[in-house]
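K.L.:
Structure incoming, see below.
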Amino acid sequence: MVKAHSRGRRSFAALASAASLLVALGGCAVKHPTDNLVHGKQLFVAKCGACHTLAHANTTGTIGPNLDQAFADARANGFKSNDIRGIVNFQILYPNPLGAMPAMLYKGQAAGDVAGYVAAVAARPGQDTGALGNAVANVTQKPVSEQNGVLQIDADPTGQLKYLASSATATSGKVTVKMQNKSSVPHDIAITGSGVNVVGPIVQNGGVSTIAPTLAPGKYTFFCTVPGHRAAGMQGTLTVK
Ligand code: HEC
């Protein structure tokens, strides 16, 4: 498994001093309007959680550093949530250009809302409650079965690393597997087992990834080949009869 962050990652100290430089230059990170943490959590899950684990947000991404671990030292060393907010906000706008994190996934107050949320929960025990607890719906998975040769296994539209089914059934022969992905997190669908290995194109923002393998009766696995996604839970079982 490739761990992108071991190479491209900056030290916390470097990140903190870069962020405070930004504060010194711009001054604006000191005073900011109240962040909308519910909105920040929704945005975090939609675009950040696919790469970052953050316990309160129930995200399990592994491409980037685990944000609870990343900020544990900062909390232990007495950094205030507002300091952490500044660091996260800076990272969203100016990630390491040599790293895997895309810049400007959010801007302005949207970036501030995400940073405010991460700062409020990272490396803190417990769970989100109240409005924050209800900010993001849990993914409901239902078994699906092939209809007229087509098996539809869509990705979670909110960007969580799940398909909307973890088990599927089909009859043997040619099966057209379609995976629609309404989220902005890239996903594909692959089928493996009994000598079959078929991978569909990576799609996002409403795209449909289609594969049409010919399947003999047996058990197969469907999964997303984007690094980290299968390990985080994007897989399921296909039973062909
Ligand atoms: C495509 C994967 C990917 C996405 C999406 C992504 N990140 Fe990252 N992130 C990384 C990687 C890789 C690093 C480490 C390298 C670097 O600093 O750029 C990182 C670093 C960070 C760090 C610094 C942590 C540390 O230990 O230094 C923070 C904070 C962070 N990301 C927050 C976010 C937030 C908030 C979002 C959503 C707006 C986000 N990331 C989206 C991959 C990603």
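Residues are referred to by chain and number: the chain letter is A, B, ... according to the order shown in the structure tokens, the number counts from 1 in that chain, and ligands are numbered separately from 1 in the order shown.
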Range 6-183 of chain A: which residues are helix (DSSP H, G or I) by DSSP, as a VMD selection string?
P.N.:
chain A and resid 6 to 8 12 to 26 37 to 47 55 to 57 67 to 76 81 to 93 108 to 121 130 to 133
K.L.:
What's the 8 Å shell around Ala216 in chain A, counting only C-alpha atoms, without same-chain residues fewer than 5 positions away, as JSON, numbers by chain?
P.N.:
{"A": [172, 173, 240, 241]}
K.L.:
Emit the selected residues as an mmCIF file, in the first residue's frame, including N, CA and C atoms.
P.N.:
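File written: again-v7.cif
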```
data_model
loop_
_atom_site.group_PDB
_atom_site.id
_atom_site.type_symbol
_atom_site.label_atom_id
_atom_site.label_comp_id
_atom_site.auth_asym_id
_atom_site.auth_seq_id
_atom_site.Cartn_x
_atom_site.Cartn_y
_atom_site.Cartn_z
ATOM 1 N N SER A 172 -25.796 -15.889 -14.113
ATOM 2 C CA SER A 172 -24.555 -16.036 -14.875
ATOM 3 C C SER A 172 -24.754 -15.588 -16.318
ATOM 4 N N GLY A 173 -23.613 -15.261 -16.964
ATOM 5 C CA GLY A 173 -23.634 -14.718 -18.319
ATOM 6 C C GLY A 173 -23.047 -13.328 -18.304
ATOM 7 N N VAL A 240 -23.014 -14.881 -8.020
ATOM 8 C CA VAL A 240 -23.590 -15.184 -9.336
ATOM 9 C C VAL A 240 -24.134 -16.602 -9.294
ATOM 10 N N LYS A 241 -25.402 -16.737 -9.726
ATOM 11 C CA LYS A 241 -26.050 -18.067 -9.673
ATOM 12 C C LYS A 241 -26.337 -18.567 -11.074
#
```
K.L.:
Of the residues A:His187, A:Lys174, A:Lys182, A:His56, which is the one nearest to Gly126 in chain A, using only C-alpha atoms?
P.N.:
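Between A:His187, A:Lys174, A:Lys182, A:His56, the residue approaching Gly126 in chain A most closely is A:His56.
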K.L.:
Quick one: residues within 6 Å of Gly40 in chain A, only C-alpha atoms, excluding same-chain residues fewer than 6 positions away - as a list in words?
P.N.:
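Near Gly40 in chain A, the qualifying residues are Asp113, Val114 and Tyr117 of chain A.
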K.L.:
Got a sec: who's within 10 Å of Gly108 in chain A, counting only C-alpha atoms, leaving out chain neighbours fewer than 3 positions off, as a VMD selection string?
P.N.:
chain A and resid 89 93 104 111 to 113
K.L.:
May I have the residues within 9 Å of Arg230 in chain A as a PyMOL selection string, using only C-alpha atoms and disregarding those fewer than 6 positions away in the same chain?
P.N.:
chain A and resi 161-162+223-224
K.L.:
Identify, on the basis of only C-alpha atoms, every residue whose closest approach to Gly236 in chain A does not exceed 8 Å; exclude the query and any residue fewer than 2 positions from it along the same chain; express the result as an NGL selection string.
P.N.:
:A and (165-168 or 221-223 or 234 or 238)
K.L.:
Can you work out which one of A:Asp73, A:Asp35, A:Asp188, A:Asp83 has the shortest atom-to-atom distance to Ala155 in chain A, counting only C-alpha atoms?
P.N.:
A:Asp188
K.L.:
For a quick check of understanding, using only C-alpha atoms, which of A:Ser81, A:Thr225, A:Thr60, A:Ser209 has the smallest distance to Asn197 in chain A?
P.N.:
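The answer is A:Thr225, which sits nearest to Asn197 in chain A.
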K.L.:
Can you measure CA of Gly61 in chain A to CA of Ala137 in chain A for me? One decimal in Å is fine.
P.N.:
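The value is 17.7 Å.
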